[in-house]
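> First the structure, then my questions, so here it is.
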Amino acid sequence: MKLRGRLKKLKSILLGYINKKSDYKSVNEQTIFLCGIPEYGNTGDQAITISEISFIKNIFPYRNIKLIPEKEWYDNLLRLKKTTSKYCNLCICMGGGNMGELYIFQENIRLSVIRHLKKAKIIIFPQSIDYSEESKALQKARNIYQSHKNLVIFTREKYSELIREKIFPNCEGYLVPDIVLSYKPDILDAERNGILFCLRHDKEKNSEAGNLIKAITEASEKYEKNIKYIDTYSRDYANKYEFQLEGLNKLWSEFKKSELVITDRLHGMIFSVITGTPCIALDNSTGKVGNLYNTWLKDSNVVFVSDSRDINNVVEMIKNKKFKKINFNIEEFRQNFSKLAEVLKRFE
């Protein structure tokens, strides 16, 4: 199976070099490459792409940004290597929560960018890191990450920043928020009504939070008739980049017209904040929800439920509909991204 996978990858690389020739005719030293963009059904990752492009265009309004979907990465590899060897382009790796061993496909793309694009200037947008200490995967990653002379790694919460400093001591890196917290959705205000549950059903679901979610669900069903259940991931959300904003605006509108969001998804919490929606947040299995909350959102009025001691207060809040108004000024908060803007300008 491994041999078959390698042969398939090699075929993609070689055929891609031939088939992608026309795609690279217009690139030059001003072209910025955004590598590994998602076209699957995770709207959190889609929102990261939208936010990254918005952030980059705000700094470089006239630069061309060439998007390379993750499923087409190996098709583009040789052309991109040839281009960056000539022009030393700025190449940006996607932010998110997949730097480590949990989502190895996305991490392998990132490692491929760093290993093969030696003359490129590479920035990894804000990530959460989940490498196990001294695992074989980490040893391999450390060698690759620390081999690149023009690489800057951004993490999105203090826990991951501490890991980065420890496991990649020779890499330049900084702490900034998740990039979606720099984005202001262009959606209309709506009358708020009911409770919106946004809960995950994948390998990051926190089994230890099951009783907490059950208690909050029972209280919601007891005191509120209008309850809606969604997730930020669905196969139905899968789409090419150019169609993703339409779907995101529809999803954000669901947040905007809710009185309260209850979520264990990191971007469920972030979507609540950027739409000004009162939110009760619980942690996921990797702890990244709590880590980001504690790093950036403790003053936002998001209610973070960490254990059973918080339940009575939450039940009373739901019973009396005393939801805390979100305290978040995006213009002021964007100051937290100054280091990311500084590095982008340095790599101009």
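The way I read the labels, and the way they are meant: chains A, B, ... in the order of the structure tokens, residue 1 as the first residue of every chain, and ligand 1 as the first ligand shown, with later ones counted on from there.
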For the alpha helix (DSSP H) assignment from backbone DSSP, which residues of segment 30-200 of chain A qualify? Please present them as a ChimeraX atom specification.
/A:43-59,73-87,104-116,136-145,158-167
> Give me the segment 130-166 of chain A side of the contact with segment 283-304 of chain A, cut-off 12 Å, one line per residue showing its nearest atom pair and distance in Å at one decimal, counting only C-alpha atoms, sorted by chain and residue number, as JSON lines.

{"residue": "A:Asp130", "atom": "CA", "partner": "A:Thr286", "partner_atom": "CA", "distance": 7.7}
{"residue": "A:Tyr131", "atom": "CA", "partner": "A:Thr286", "partner_atom": "CA", "distance": 11.0}
{"residue": "A:Ser132", "atom": "CA", "partner": "A:Thr286", "partner_atom": "CA", "distance": 11.8}
{"residue": "A:Thr155", "atom": "CA", "partner": "A:Leu292", "partner_atom": "CA", "distance": 10.3}
{"residue": "A:Arg156", "atom": "CA", "partner": "A:Leu292", "partner_atom": "CA", "distance": 7.0}
{"residue": "A:Glu157", "atom": "CA", "partner": "A:Leu292", "partner_atom": "CA", "distance": 5.0}
{"residue": "A:Lys158", "atom": "CA", "partner": "A:Thr295", "partner_atom": "CA", "distance": 6.1}
{"residue": "A:Tyr159", "atom": "CA", "partner": "A:Asn291", "partner_atom": "CA", "distance": 6.4}
{"residue": "A:Ser160", "atom": "CA", "partner": "A:Asn291", "partner_atom": "CA", "distance": 8.5}
{"residue": "A:Glu161", "atom": "CA", "partner": "A:Asn291", "partner_atom": "CA", "distance": 10.7}
{"residue": "A:Leu162", "atom": "CA", "partner": "A:Asn291", "partner_atom": "CA", "distance": 11.6}
> Any chance you could export the current selection's N, CA, C and O atoms as a PDB file, in the first residue's frame?

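Result file result-v8.pdb:
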ATOM      1  N   ASP A 130       0.440  19.823  18.014  1.00  0.00           N
ATOM      2  CA  ASP A 130       0.089  18.667  18.847  1.00  0.00           C
ATOM      3  C   ASP A 130       1.137  17.539  18.783  1.00  0.00           C
ATOM      4  O   ASP A 130       0.821  16.383  19.008  1.00  0.00           O
ATOM      5  N   TYR A 131       2.379  17.871  18.489  1.00  0.00           N
ATOM      6  CA  TYR A 131       3.413  16.833  18.429  1.00  0.00           C
ATOM      7  C   TYR A 131       3.649  16.195  19.788  1.00  0.00           C
ATOM      8  O   TYR A 131       3.697  16.885  20.810  1.00  0.00           O
ATOM      9  N   SER A 132       3.792  14.857  19.792  1.00  0.00           N
ATOM     10  CA  SER A 132       4.175  14.138  21.000  1.00  0.00           C
ATOM     11  C   SER A 132       5.674  14.294  21.200  1.00  0.00           C
ATOM     12  O   SER A 132       6.450  14.189  20.247  1.00  0.00           O
ATOM     13  N   THR A 155       2.183  30.709  16.010  1.00  0.00           N
ATOM     14  CA  THR A 155       1.241  29.895  16.761  1.00  0.00           C
ATOM     15  C   THR A 155       0.093  30.776  17.243  1.00  0.00           C
ATOM     16  O   THR A 155       0.229  32.003  17.318  1.00  0.00           O
ATOM     17  N   ARG A 156      -1.047  30.134  17.594  1.00  0.00           N
ATOM     18  CA  ARG A 156      -2.239  30.930  17.882  1.00  0.00           C
ATOM     19  C   ARG A 156      -2.680  30.896  19.340  1.00  0.00           C
ATOM     20  O   ARG A 156      -3.676  31.501  19.682  1.00  0.00           O
ATOM     21  N   GLU A 157      -1.963  30.176  20.194  1.00  0.00           N
ATOM     22  CA  GLU A 157      -2.241  30.218  21.630  1.00  0.00           C
ATOM     23  C   GLU A 157      -0.959  29.883  22.385  1.00  0.00           C
ATOM     24  O   GLU A 157      -0.020  29.324  21.830  1.00  0.00           O
ATOM     25  N   LYS A 158      -0.924  30.270  23.672  1.00  0.00           N
ATOM     26  CA  LYS A 158       0.307  30.191  24.447  1.00  0.00           C
ATOM     27  C   LYS A 158       0.837  28.764  24.572  1.00  0.00           C
ATOM     28  O   LYS A 158       2.049  28.546  24.566  1.00  0.00           O
ATOM     29  N   TYR A 159      -0.055  27.802  24.708  1.00  0.00           N
ATOM     30  CA  TYR A 159       0.382  26.411  24.866  1.00  0.00           C
ATOM     31  C   TYR A 159       1.192  25.962  23.658  1.00  0.00           C
ATOM     32  O   TYR A 159       2.268  25.371  23.796  1.00  0.00           O
ATOM     33  N   SER A 160       0.681  26.252  22.458  1.00  0.00           N
ATOM     34  CA  SER A 160       1.405  25.867  21.237  1.00  0.00           C
ATOM     35  C   SER A 160       2.693  26.658  21.080  1.00  0.00           C
ATOM     36  O   SER A 160       3.694  26.139  20.568  1.00  0.00           O
ATOM     37  N   GLU A 161       2.682  27.911  21.524  1.00  0.00           N
ATOM     38  CA  GLU A 161       3.905  28.705  21.438  1.00  0.00           C
ATOM     39  C   GLU A 161       4.995  28.127  22.338  1.00  0.00           C
ATOM     40  O   GLU A 161       6.167  28.063  21.952  1.00  0.00           O
ATOM     41  N   LEU A 162       4.622  27.649  23.510  1.00  0.00           N
ATOM     42  CA  LEU A 162       5.594  27.004  24.400  1.00  0.00           C
ATOM     43  C   LEU A 162       6.144  25.723  23.775  1.00  0.00           C
ATOM     44  O   LEU A 162       7.341  25.427  23.891  1.00  0.00           O
TER      45      LEU A 162
END
> Taking only residues of segment 195-226 of chain A that have an atom at most 10 Å from an atom of segment 317-341 of chain A, what is each one's shortest atom pair and its distance in Å to one decimal, using only C-alpha atoms, in chain and number order, as JSON lines?

{"residue": "A:Ile195", "atom": "CA", "partner": "A:Ile318", "partner_atom": "CA", "distance": 9.3}
{"residue": "A:Ile216", "atom": "CA", "partner": "A:Ile318", "partner_atom": "CA", "distance": 8.6}
{"residue": "A:Ala219", "atom": "CA", "partner": "A:Ile318", "partner_atom": "CA", "distance": 7.0}
{"residue": "A:Ser220", "atom": "CA", "partner": "A:Ile318", "partner_atom": "CA", "distance": 6.4}
{"residue": "A:Glu221", "atom": "CA", "partner": "A:Ile318", "partner_atom": "CA", "distance": 9.8}
{"residue": "A:Lys222", "atom": "CA", "partner": "A:Lys319", "partner_atom": "CA", "distance": 8.3}
{"residue": "A:Tyr223", "atom": "CA", "partner": "A:Lys319", "partner_atom": "CA", "distance": 5.6}
{"residue": "A:Glu224", "atom": "CA", "partner": "A:Lys319", "partner_atom": "CA", "distance": 8.1}
> Skip Lys119 of chain A itself and residues of its chain fewer than 6 positions away, then list as an mmCIF file with N, CA and C atoms, in the first residue's frame all residues within 8 Å of it, counting only C-alpha atoms.

data_model
loop_
_atom_site.group_PDB
_atom_site.id
_atom_site.type_symbol
_atom_site.label_atom_id
_atom_site.label_comp_id
_atom_site.auth_asym_id
_atom_site.auth_seq_id
_atom_site.Cartn_x
_atom_site.Cartn_y
_atom_site.Cartn_z
ATOM 1 N N THR A 84 10.050 29.303 -7.378
ATOM 2 C CA THR A 84 10.627 29.908 -6.182
ATOM 3 C C THR A 84 12.152 29.873 -6.199
ATOM 4 N N SER A 85 12.725 28.927 -6.919
ATOM 5 C CA SER A 85 14.183 28.897 -7.069
ATOM 6 C C SER A 85 14.660 30.103 -7.868
ATOM 7 N N CYS A 88 12.467 33.468 -5.518
ATOM 8 C CA CYS A 88 12.468 33.510 -4.046
ATOM 9 C C CYS A 88 11.155 34.070 -3.496
ATOM 10 N N ASN A 89 10.044 33.564 -4.022
ATOM 11 C CA ASN A 89 8.723 34.073 -3.662
ATOM 12 C C ASN A 89 8.386 33.857 -2.192
ATOM 13 N N ASN A 150 14.752 30.656 5.822
ATOM 14 C CA ASN A 150 13.794 31.767 5.763
ATOM 15 C C ASN A 150 12.395 31.283 6.116
#
> I'd like the neighbourhood of segment 57-72 of chain A as number ranges by chain, where a residue qualifies if any of its atoms comes within 10 Å (using only C-alpha atoms), though same-chain residues fewer than 3 positions away should be ignored.
A: 12-13, 16, 23-24, 26-40, 49, 51-54, 75-77, 80, 90-92, 94, 105-106, 109-110, 240-241, 341-342, 344-345, 348
> Hey, what does DSSP flag as strand (DSSP E) within segment 132-295 of chain A? Can you give it to me as a PyMOL selection string?
chain A and resi 151-155+172-175+195-198+227-230+260-263+279-282
